[in-house]
$ cat work_6.cif   # mmCIF, C-alpha atoms and all ligand atoms
data_run
#
loop_
_atom_site.group_PDB
_atom_site.id
_atom_site.type_symbol
_atom_site.label_atom_id
_atom_site.label_comp_id
_atom_site.auth_asym_id
_atom_site.auth_seq_id
_atom_site.Cartn_x
_atom_site.Cartn_y
_atom_site.Cartn_z
ATOM 1 C CA MET A 1 49.045 109.439 63.029
ATOM 2 C CA ASN A 2 46.978 110.850 65.902
ATOM 3 C CA GLY A 3 48.017 113.780 68.078
ATOM 4 C CA MET A 4 49.027 111.712 71.109
ATOM 5 C CA ALA A 5 51.535 109.664 69.218
ATOM 6 C CA ALA A 6 53.078 112.808 67.741
ATOM 7 C CA SER A 7 53.535 114.431 71.134
ATOM 8 C CA ASP A 8 54.979 111.196 72.529
ATOM 9 C CA LYS A 9 57.517 111.331 69.775
ATOM 10 C CA ILE A 10 58.400 114.918 70.505
ATOM 11 C CA PHE A 11 58.891 114.202 74.206
ATOM 12 C CA ARG A 12 61.052 111.247 73.416
ATOM 13 C CA LEU A 13 63.239 113.489 71.286
ATOM 14 C CA LEU A 14 63.394 116.135 74.009
ATOM 15 C CA ASP A 15 64.292 113.498 76.588
ATOM 16 C CA LEU A 16 67.054 112.031 74.535
ATOM 17 C CA PRO A 17 69.965 114.269 75.576
ATOM 18 C CA GLU A 18 69.070 113.807 79.280
ATOM 19 C CA ALA A 19 68.881 110.064 79.002
ATOM 20 C CA GLU A 20 72.145 109.861 77.146
ATOM 21 C CA LYS A 21 74.827 108.891 79.661
ATOM 22 C CA LYS A 22 78.351 110.223 79.313
ATOM 23 C CA THR A 23 80.550 107.361 78.300
ATOM 24 C CA LEU A 24 84.003 108.886 78.724
ATOM 25 C CA SER A 25 85.732 107.212 81.643
ATOM 26 C CA CYS A 26 87.919 109.283 83.935
ATOM 27 C CA PRO A 27 91.607 109.213 82.980
ATOM 28 C CA ASP A 28 94.148 108.754 85.745
ATOM 29 C CA GLY A 29 96.327 111.802 85.166
ATOM 30 C CA ASP A 30 97.183 115.338 86.222
ATOM 31 C CA ILE A 31 94.306 117.643 87.145
ATOM 32 C CA VAL A 32 94.639 121.145 85.717
ATOM 33 C CA CYS A 33 92.212 124.056 86.118
ATOM 34 C CA GLU A 34 92.683 126.951 83.717
ATOM 35 C CA ASN A 35 90.859 130.238 83.994
ATOM 36 C CA LEU A 36 88.167 128.485 86.017
ATOM 37 C CA THR A 37 85.145 130.610 86.830
ATOM 38 C CA PHE A 38 82.045 129.512 88.653
ATOM 39 C CA SER A 39 78.846 131.120 89.968
ATOM 40 C CA TYR A 40 76.054 129.593 92.040
ATOM 41 C CA GLU A 41 73.777 132.505 91.116
ATOM 42 C CA ALA A 42 73.706 134.375 87.817
ATOM 43 C CA ASP A 43 74.811 137.754 89.134
ATOM 44 C CA ARG A 44 77.396 136.641 91.685
ATOM 45 C CA GLU A 45 80.634 135.093 90.440
ATOM 46 C CA ILE A 46 82.449 133.078 93.131
ATOM 47 C CA LEU A 47 85.584 131.825 91.327
ATOM 48 C CA HIS A 48 87.147 134.502 89.147
ATOM 49 C CA GLY A 49 89.392 132.721 86.676
ATOM 50 C CA VAL A 50 91.467 130.406 88.827
ATOM 51 C CA ASP A 51 94.553 128.478 87.630
ATOM 52 C CA LEU A 52 95.419 125.405 89.683
ATOM 53 C CA SER A 53 97.488 122.366 88.973
ATOM 54 C CA PHE A 54 97.364 119.051 90.818
ATOM 55 C CA PRO A 55 99.959 116.774 89.213
ATOM 56 C CA LYS A 56 99.285 113.063 89.524
ATOM 57 C CA GLY A 57 100.728 111.722 92.759
ATOM 58 C CA SER A 58 101.429 115.159 94.232
ATOM 59 C CA PHE A 59 100.359 116.723 97.523
ATOM 60 C CA THR A 60 98.703 120.123 97.138
ATOM 61 C CA SER A 61 97.076 122.339 99.754
ATOM 62 C CA ILE A 62 94.618 125.185 99.396
ATOM 63 C CA VAL A 63 94.361 127.763 102.178
ATOM 64 C CA GLY A 64 92.523 131.032 102.547
ATOM 65 C CA GLU A 65 89.937 132.647 104.725
ATOM 66 C CA SER A 66 86.366 131.472 105.116
ATOM 67 C CA GLY A 67 84.234 132.097 102.020
ATOM 68 C CA CYS A 68 87.149 132.517 99.575
ATOM 69 C CA GLY A 69 85.984 129.557 97.451
ATOM 70 C CA LYS A 70 87.957 126.495 98.594
ATOM 71 C CA SER A 71 84.990 124.137 98.951
ATOM 72 C CA THR A 72 83.558 125.514 95.719
ATOM 73 C CA ILE A 73 86.692 124.308 93.930
ATOM 74 C CA ALA A 74 86.346 120.890 95.585
ATOM 75 C CA ALA A 75 82.722 120.695 94.427
ATOM 76 C CA VAL A 76 83.726 121.604 90.860
ATOM 77 C CA LEU A 77 86.314 118.805 90.878
ATOM 78 C CA MET A 78 83.715 116.380 92.248
ATOM 79 C CA GLY A 79 81.440 117.243 89.321
ATOM 80 C CA ARG A 80 78.825 118.706 91.675
ATOM 81 C CA ASN A 81 79.194 122.325 90.582
ATOM 82 C CA LYS A 82 78.153 122.095 86.982
ATOM 83 C CA GLY A 83 78.278 124.946 84.519
ATOM 84 C CA TYR A 84 81.793 126.209 85.188
ATOM 85 C CA THR A 85 83.649 128.091 82.478
ATOM 86 C CA GLY A 86 87.315 127.824 81.593
ATOM 87 C CA SER A 87 88.717 124.349 81.692
ATOM 88 C CA VAL A 88 89.204 121.549 84.182
ATOM 89 C CA ARG A 89 91.194 118.747 82.633
ATOM 90 C CA ILE A 90 91.841 115.352 84.141
ATOM 91 C CA GLY A 91 94.507 113.724 82.035
ATOM 92 C CA ASP A 92 93.359 114.421 78.472
ATOM 93 C CA ALA A 93 89.643 114.711 79.265
ATOM 94 C CA GLU A 94 87.497 117.746 80.077
ATOM 95 C CA LEU A 95 85.696 117.229 83.400
ATOM 96 C CA HIS A 96 82.155 117.912 82.151
ATOM 97 C CA GLU A 97 82.523 115.205 79.524
ATOM 98 C CA ILE A 98 83.521 112.521 82.002
ATOM 99 C CA ASN A 99 81.067 109.853 83.114
ATOM 100 C CA GLU A 100 79.992 110.663 86.673
ATOM 101 C CA ASP A 101 80.248 107.155 88.115
ATOM 102 C CA SER A 102 83.745 106.912 86.750
ATOM 103 C CA LEU A 103 84.653 110.297 88.279
ATOM 104 C CA MET A 104 83.309 109.147 91.660
ATOM 105 C CA ARG A 105 85.420 106.029 91.395
ATOM 106 C CA GLN A 106 88.519 108.151 90.819
ATOM 107 C CA ILE A 107 88.035 110.906 93.404
ATOM 108 C CA THR A 108 87.215 110.516 97.100
ATOM 109 C CA TYR A 109 86.005 113.553 99.041
ATOM 110 C CA ILE A 110 86.279 113.725 102.834
ATOM 111 C CA SER A 111 84.674 116.774 104.405
ATOM 112 C CA HIS A 112 84.666 118.056 107.979
ATOM 113 C CA GLN A 113 81.361 116.352 108.587
ATOM 114 C CA SER A 114 81.474 113.047 106.842
ATOM 115 C CA TYR A 115 78.253 111.220 106.315
ATOM 116 C CA LEU A 116 77.829 108.095 108.410
ATOM 117 C CA PHE A 117 74.548 106.260 108.084
ATOM 118 C CA LYS A 118 72.469 104.142 110.443
ATOM 119 C CA GLY A 119 73.712 100.555 110.430
ATOM 120 C CA THR A 120 76.855 98.829 111.634
ATOM 121 C CA VAL A 121 80.491 99.813 111.391
ATOM 122 C CA ARG A 122 80.846 97.053 108.796
ATOM 123 C CA ASP A 123 77.987 98.487 106.680
ATOM 124 C CA ASN A 124 79.537 101.944 106.783
ATOM 125 C CA LEU A 125 83.004 100.696 105.861
ATOM 126 C CA ARG A 126 81.736 98.534 103.026
ATOM 127 C CA MET A 127 80.419 101.672 101.330
ATOM 128 C CA GLY A 128 84.077 102.244 100.490
ATOM 129 C CA LYS A 129 84.608 98.703 99.213
ATOM 130 C CA PRO A 130 81.534 96.459 98.985
ATOM 131 C CA ASP A 131 83.431 93.161 98.797
ATOM 132 C CA ALA A 132 85.984 93.866 101.542
ATOM 133 C CA GLU A 133 86.773 90.978 103.908
ATOM 134 C CA ASP A 134 86.591 91.600 107.658
ATOM 135 C CA SER A 135 90.382 91.325 107.914
ATOM 136 C CA GLU A 136 90.716 94.207 105.463
ATOM 137 C CA LEU A 137 88.263 96.285 107.487
ATOM 138 C CA TRP A 138 90.249 95.674 110.678
ATOM 139 C CA ALA A 139 93.477 96.642 108.902
ATOM 140 C CA VAL A 140 92.161 100.108 107.995
ATOM 141 C CA LEU A 141 90.627 100.501 111.459
ATOM 142 C CA GLU A 142 94.108 99.878 112.888
ATOM 143 C CA ARG A 143 95.532 102.539 110.589
ATOM 144 C CA VAL A 144 93.074 105.164 111.839
ATOM 145 C CA ASN A 145 93.497 104.046 115.453
ATOM 146 C CA LEU A 146 89.897 102.943 115.932
ATOM 147 C CA ALA A 147 90.452 99.195 116.270
ATOM 148 C CA ALA A 148 91.138 99.131 120.027
ATOM 149 C CA PHE A 149 88.016 101.153 120.766
ATOM 150 C CA LEU A 150 85.793 98.992 118.558
ATOM 151 C CA LYS A 151 87.135 95.768 120.081
ATOM 152 C CA GLU A 152 85.771 97.001 123.414
ATOM 153 C CA GLU A 153 82.414 97.515 121.718
ATOM 154 C CA GLN A 154 80.850 94.962 119.350
ATOM 155 C CA GLY A 155 83.647 95.027 116.792
ATOM 156 C CA LEU A 156 82.477 95.409 113.202
ATOM 157 C CA ASP A 157 78.896 94.832 114.383
ATOM 158 C CA THR A 158 78.988 97.982 116.542
ATOM 159 C CA ARG A 159 75.870 100.012 115.770
ATOM 160 C CA VAL A 160 76.237 103.408 114.164
ATOM 161 C CA SER A 161 73.237 105.657 114.712
ATOM 162 C CA GLU A 162 71.900 108.256 112.288
ATOM 163 C CA LYS A 163 74.794 110.567 111.198
ATOM 164 C CA GLY A 164 77.108 108.764 113.632
ATOM 165 C CA GLY A 165 75.387 110.411 116.616
ATOM 166 C CA ASN A 166 76.685 107.780 119.058
ATOM 167 C CA PHE A 167 80.329 108.452 118.092
ATOM 168 C CA SER A 168 82.511 111.429 118.988
ATOM 169 C CA GLY A 169 83.471 113.879 116.255
ATOM 170 C CA GLY A 170 86.988 112.459 116.138
ATOM 171 C CA GLN A 171 85.705 108.873 115.952
ATOM 172 C CA CYS A 172 83.308 109.786 113.116
ATOM 173 C CA GLN A 173 86.174 111.323 111.138
ATOM 174 C CA ARG A 174 88.426 108.319 111.788
ATOM 175 C CA LEU A 175 85.689 106.003 110.552
ATOM 176 C CA ALA A 176 85.112 108.185 107.496
ATOM 177 C CA LEU A 177 88.840 108.104 106.772
ATOM 178 C CA ALA A 178 88.910 104.315 107.131
ATOM 179 C CA ARG A 179 86.072 104.101 104.591
ATOM 180 C CA ALA A 180 87.922 106.484 102.262
ATOM 181 C CA LEU A 181 91.109 104.397 102.516
ATOM 182 C CA LEU A 182 89.117 101.312 101.521
ATOM 183 C CA HIS A 183 87.800 103.152 98.472
ATOM 184 C CA ASP A 184 91.375 103.259 97.178
ATOM 185 C CA SER A 185 90.840 105.952 94.531
ATOM 186 C CA SER A 186 93.702 107.776 92.843
ATOM 187 C CA VAL A 187 92.636 111.245 94.029
ATOM 188 C CA TYR A 188 91.684 112.313 97.571
ATOM 189 C CA ILE A 189 90.271 115.682 98.561
ATOM 190 C CA PHE A 190 90.268 116.497 102.288
ATOM 191 C CA ASP A 191 88.114 119.543 103.014
ATOM 192 C CA GLU A 192 88.801 120.670 106.609
ATOM 193 C CA ALA A 193 88.652 116.981 107.524
ATOM 194 C CA THR A 194 90.300 117.639 110.887
ATOM 195 C CA SER A 195 88.514 120.801 111.991
ATOM 196 C CA ASN A 196 86.690 120.758 115.329
ATOM 197 C CA ILE A 197 88.060 117.428 116.456
ATOM 198 C CA ASP A 198 90.433 116.484 119.273
ATOM 199 C CA ALA A 199 94.190 116.925 118.787
ATOM 200 C CA GLU A 200 94.918 113.198 118.918
ATOM 201 C CA SER A 201 92.406 112.425 116.146
ATOM 202 C CA GLU A 202 93.810 115.305 114.125
ATOM 203 C CA ASN A 203 97.344 113.918 114.454
ATOM 204 C CA ASP A 204 96.248 110.393 113.524
ATOM 205 C CA ILE A 205 94.318 111.627 110.501
ATOM 206 C CA MET A 206 97.104 113.946 109.341
ATOM 207 C CA ARG A 207 99.615 111.092 109.629
ATOM 208 C CA GLU A 208 97.444 108.998 107.283
ATOM 209 C CA ILE A 209 96.968 111.923 104.882
ATOM 210 C CA HIS A 210 100.735 112.353 104.650
ATOM 211 C CA ARG A 211 101.113 108.627 104.065
ATOM 212 C CA LEU A 212 98.467 108.674 101.313
ATOM 213 C CA ALA A 213 100.198 111.644 99.698
ATOM 214 C CA LYS A 214 103.205 109.441 98.963
ATOM 215 C CA THR A 215 101.248 107.386 96.426
ATOM 216 C CA LYS A 216 98.056 109.324 95.570
ATOM 217 C CA THR A 217 97.047 112.741 94.326
ATOM 218 C CA VAL A 218 96.064 114.510 97.549
ATOM 219 C CA ILE A 219 94.349 117.898 97.777
ATOM 220 C CA LEU A 220 94.179 119.244 101.316
ATOM 221 C CA ILE A 221 92.020 122.191 102.320
ATOM 222 C CA SER A 222 92.954 123.346 105.810
ATOM 223 C CA HIS A 223 92.829 126.508 107.859
ATOM 224 C CA ARG A 224 95.656 125.190 110.025
ATOM 225 C CA LEU A 225 98.917 125.976 108.240
ATOM 226 C CA ALA A 226 100.928 123.532 110.361
ATOM 227 C CA ASN A 227 99.096 120.793 108.426
ATOM 228 C CA VAL A 228 100.063 122.017 104.962
ATOM 229 C CA THR A 229 103.803 122.654 105.323
ATOM 230 C CA ALA A 230 104.855 119.369 103.696
ATOM 231 C CA SER A 231 102.851 120.045 100.496
ATOM 232 C CA ASP A 232 104.535 120.039 97.100
ATOM 233 C CA ARG A 233 102.588 123.233 96.504
ATOM 234 C CA ILE A 234 100.366 125.494 98.593
ATOM 235 C CA TYR A 235 97.787 127.800 96.967
ATOM 236 C CA ILE A 236 96.613 130.854 98.859
ATOM 237 C CA MET A 237 93.201 132.145 97.854
ATOM 238 C CA GLU A 238 91.450 135.426 98.522
ATOM 239 C CA ASN A 239 87.931 136.251 97.331
ATOM 240 C CA GLY A 240 87.724 133.608 94.630
ATOM 241 C CA ALA A 241 91.219 134.139 93.229
ATOM 242 C CA VAL A 242 94.652 132.600 93.775
ATOM 243 C CA THR A 243 96.988 135.258 95.129
ATOM 244 C CA GLU A 244 100.121 133.279 96.039
ATOM 245 C CA SER A 245 101.463 129.795 95.491
ATOM 246 C CA GLY A 246 104.594 127.836 96.205
ATOM 247 C CA THR A 247 106.200 125.555 98.745
ATOM 248 C CA GLN A 248 106.261 126.474 102.426
ATOM 249 C CA GLU A 249 109.868 127.621 102.021
ATOM 250 C CA GLU A 250 109.163 129.747 98.934
ATOM 251 C CA LEU A 251 106.110 131.334 100.529
ATOM 252 C CA LEU A 252 107.936 132.241 103.718
ATOM 253 C CA LYS A 253 110.708 133.815 101.662
ATOM 254 C CA ALA A 254 108.189 135.776 99.597
ATOM 255 C CA ASP A 255 107.053 137.402 102.850
ATOM 256 C CA GLY A 256 103.455 137.882 101.687
ATOM 257 C CA VAL A 257 100.041 136.897 103.012
ATOM 258 C CA TYR A 258 101.005 133.286 103.707
ATOM 259 C CA SER A 259 104.052 134.296 105.651
ATOM 260 C CA SER A 260 102.142 136.713 107.860
ATOM 261 C CA LEU A 261 99.386 134.128 108.471
ATOM 262 C CA TRP A 262 102.085 131.615 109.335
ATOM 263 C CA ASN A 263 103.729 133.933 111.849
ATOM 264 C CA THR A 264 100.387 134.700 113.496
ATOM 265 C CA GLN A 265 99.437 131.029 113.782
ATOM 266 C CA GLN A 266 102.868 130.051 115.049
ATOM 267 C CA SER A 267 102.843 132.642 117.806
ATOM 268 C CA LEU A 268 99.298 131.600 118.814
ATOM 269 C CA GLU A 269 100.228 127.917 118.884
ATOM 270 C CA ASN A 270 103.419 128.552 120.849
ATOM 271 C CA TYR A 271 101.721 130.939 123.238
ATOM 272 C CA GLY A 272 102.510 129.812 126.758
ATOM 273 C CA LYS A 273 104.839 126.982 125.727
ATOM 274 C CA ASP A 274 107.977 128.918 126.618
ATOM 275 C CA GLY A 275 106.477 130.472 129.715
ATOM 276 C CA SER A 276 105.786 133.783 127.946
ATOM 277 C CA ALA A 277 102.100 133.556 128.876
ATOM 278 C CA ALA A 278 102.851 133.517 132.588
HETATM 279 N N1 LIG B 1 75.322 126.410 97.438
HETATM 280 C C1 LIG B 1 75.658 127.699 97.404
HETATM 281 N N2 LIG B 1 74.822 128.617 96.861
HETATM 282 C C2 LIG B 1 75.157 129.934 96.810
HETATM 283 N N3 LIG B 1 76.320 130.423 97.257
HETATM 284 C C3 LIG B 1 77.191 129.575 97.801
HETATM 285 C C4 LIG B 1 76.911 128.160 97.906
HETATM 286 N N4 LIG B 1 77.972 127.555 98.473
HETATM 287 C C5 LIG B 1 78.863 128.523 98.732
HETATM 288 N N5 LIG B 1 78.411 129.731 98.323
HETATM 289 C C6 LIG B 1 79.138 131.013 98.405
HETATM 290 O O1 LIG B 1 80.360 130.866 97.713
HETATM 291 C C7 LIG B 1 81.428 131.534 98.399
HETATM 292 C C8 LIG B 1 82.555 130.548 98.614
HETATM 293 O O2 LIG B 1 82.119 129.524 99.486
HETATM 294 P P1 LIG B 1 83.000 128.263 99.826
HETATM 295 O O3 LIG B 1 82.153 127.323 100.587
HETATM 296 O O4 LIG B 1 83.646 127.772 98.593
HETATM 297 O O5 LIG B 1 84.112 128.912 100.780
HETATM 298 P P2 LIG B 1 85.279 128.214 101.597
HETATM 299 O O6 LIG B 1 86.543 128.863 101.161
HETATM 300 O O7 LIG B 1 85.177 126.750 101.489
HETATM 301 O O8 LIG B 1 84.947 128.696 103.089
HETATM 302 P P3 LIG B 1 85.139 127.906 104.489
HETATM 303 O O9 LIG B 1 86.597 128.046 104.863
HETATM 304 O O10 LIG B 1 84.266 128.673 105.444
HETATM 305 O O11 LIG B 1 84.701 126.500 104.310
HETATM 306 C C9 LIG B 1 80.808 132.088 99.687
HETATM 307 O O12 LIG B 1 80.582 133.461 99.474
HETATM 308 C C10 LIG B 1 79.518 131.351 99.829
HETATM 309 O O13 LIG B 1 78.546 132.145 100.426
HETATM 310 MG MG MG B 2 84.735 125.218 102.841
#
$ encode --input "work_6.cif" --output "structure tokens"
Amino acid sequence: MNGMAASDKIFRLLDLPEAEKKTLSCPDGDIVCENLTFSYEADREILHGVDLSFPKGSFTSIVGESGCGKSTIAAVLMGRNKGYTGSVRIGDAELHEINEDSLMRQITYISHQSYLFKGTVRDNLRMGKPDAEDSELWAVLERVNLAAFLKEEQGLDTRVSEKGGNFSGGQCQRLALARALLHDSSVYIFDEATSNIDAESENDIMREIHRLAKTKTVILISHRLANVTASDRIYIMENGAVTESGTQEELLKADGVYSSLWNTQQSLENYGKDGSAA
């Protein structure tokens, strides 16, 4: 055997683990994080042993100030932050053993700046469900209150420019939600999906999130506490750790961080409504 052939063989062996696709498909069950730690960089741990539970079909919110690790948790669940320690179980499977395509089929992530690509409204929606009929597309557009607007334009053939530049922020998020609804996965993660958009869009989107939460596992990350009150459980995070959790009622009774945040936000939101600002 000559040298070339030998090295070919060695490289093939080295390549093998990479090429090997995970075959475990994603179970449809409870999601449970136990003692979850994660670091982007070797010397800086971001999540410090977090316990979280997202029972199948439940509505859970995560709140906490900027930089506390909320989106990092979402990225772990989406399989994007690899190399976590502790455990993240979906049903009876450990997350890092699950086939990635299967995980993507099961979990839909909607961020504050959803990615719309250059093409038509139909093209963008079909990303969520490639074989969807036009009638199905119109039905979800009605749900997100975008149908009337698009009928005034070119309907499903309306052009969408790069990153949705020709749509308002609220319209982009409504379209992204419509696409997510078409995807019909069993888990939905909304990461500040209604931040920096108009109040009407926020209300429409929150109404659909609450509706989804009746049948799906919904994880809502929001800085606006008024949006999380109906959750089965709310987690409060500080600096990469969970510090409080419970229902709105339990957390208000506990009179801790959540309760003081709630009182601050309530007085800000009501400011002026009763004439006190005058
Ligand atoms: N790709 C990355 N590489 C290195 N550090 C990161 C990366 N993404 C986030 N971080 C750091 O991890 C910490 C948590 O960030 P994360 O985005 O999870 O916060 P967050 O709670 O979602 O904040 P926000 O409410 O502002 O969205 C921050 O200190 C941030 O600087
Ligand atoms: Mg974030």
$ closest_residue --input "work_6.cif" --among "A:Lys70, A:Arg211, A:Arg80, A:Arg143" --to "ligand MG 2 (chain B)" --atoms "only C-alpha atoms and all ligand atoms"
A:Lys70
$ closest_residue --input "work_6.cif" --among "A:Glu97, A:Met206, A:Ala254, A:Asn81" --to "A:Glu192" --atoms "all atoms listed in the file"
A:Met206
$ residues_near_ligand --input "work_6.cif" --ligand "ligand LIG 1 (chain B)" --cutoff "12 Å" --atoms "only C-alpha atoms and all ligand atoms" --output "VMD selection string"
chain A and resid 37 to 48 62 to 76 80 to 82 111 to 113 190 to 193 195 220 to 224 236 to 242
$ residues_around --input "work_6.cif" --residues "stretch 181-186 of chain A" --least-positions-apart "6" --cutoff "6 Å" --atoms "all atoms listed in the file" --output "list of chain:residue names"
A:Gln106, A:Ile107, A:Gly128, A:Lys129, A:Lys216
$ resolve_selection --input "work_6.cif" --expression "the PyMOL selection byres (((chain A and resi 187) around 12) and not hetatm)" --output "VMD selection string"
chain A and resid 26 to 31 54 to 60 74 77 to 78 90 103 to 110 180 to 181 183 to 186 188 to 190 209 212 to 220
$ atom_distance --input "work_6.cif" --atom1 "atom CA of A:Thr23" --atom2 "atom CA of A:Leu36"
23.7 Å
